[in-house]
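To start, the structure under review is shown below, and the notes come after it.
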Amino acid sequence: MSLQNATPAVFAFARYFTRPLCPQCSHEQFVPERSAFVNDGRICHGWLCEACNHGFCTTVEIGRVAA
Ligand SMILES: [Zn+2]
């Protein structure tokens, strides 16, 4: 994927890099475990907590594309 030429997504780009907290132990996550993929205007990002090894996913809305 290329975020560099996705100008409308610049605002979401900042949110994309906000660090989620582990829902299991509230440890702040730093490195995404899996690459994000875009599905229907959303970015799904997989994380693996380094503190408790709990895996979870975050979803970020990047706006809808007019069909
Ligand atoms: Zn954790």
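Identifiers for the structure tokens are assigned positionally: chains receive A, B, ... in sequence, residues are indexed from 1 per chain, and ligands are indexed from 1 in the order shown.
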
Please extract the residues at most 10 Å from ligand 1, counting only C-alpha atoms and all ligand atoms, and provide them as a VMD selection string, using the chain letters and residue numbers of this document. chain A and resid 21 to 29 47 to 56

Rank nothing, just name the residue among A:Arg19, A:Val31, A:Asp40, A:Gly46 nearest to Ile62 in chain A, using only C-alpha atoms. A:Asp40
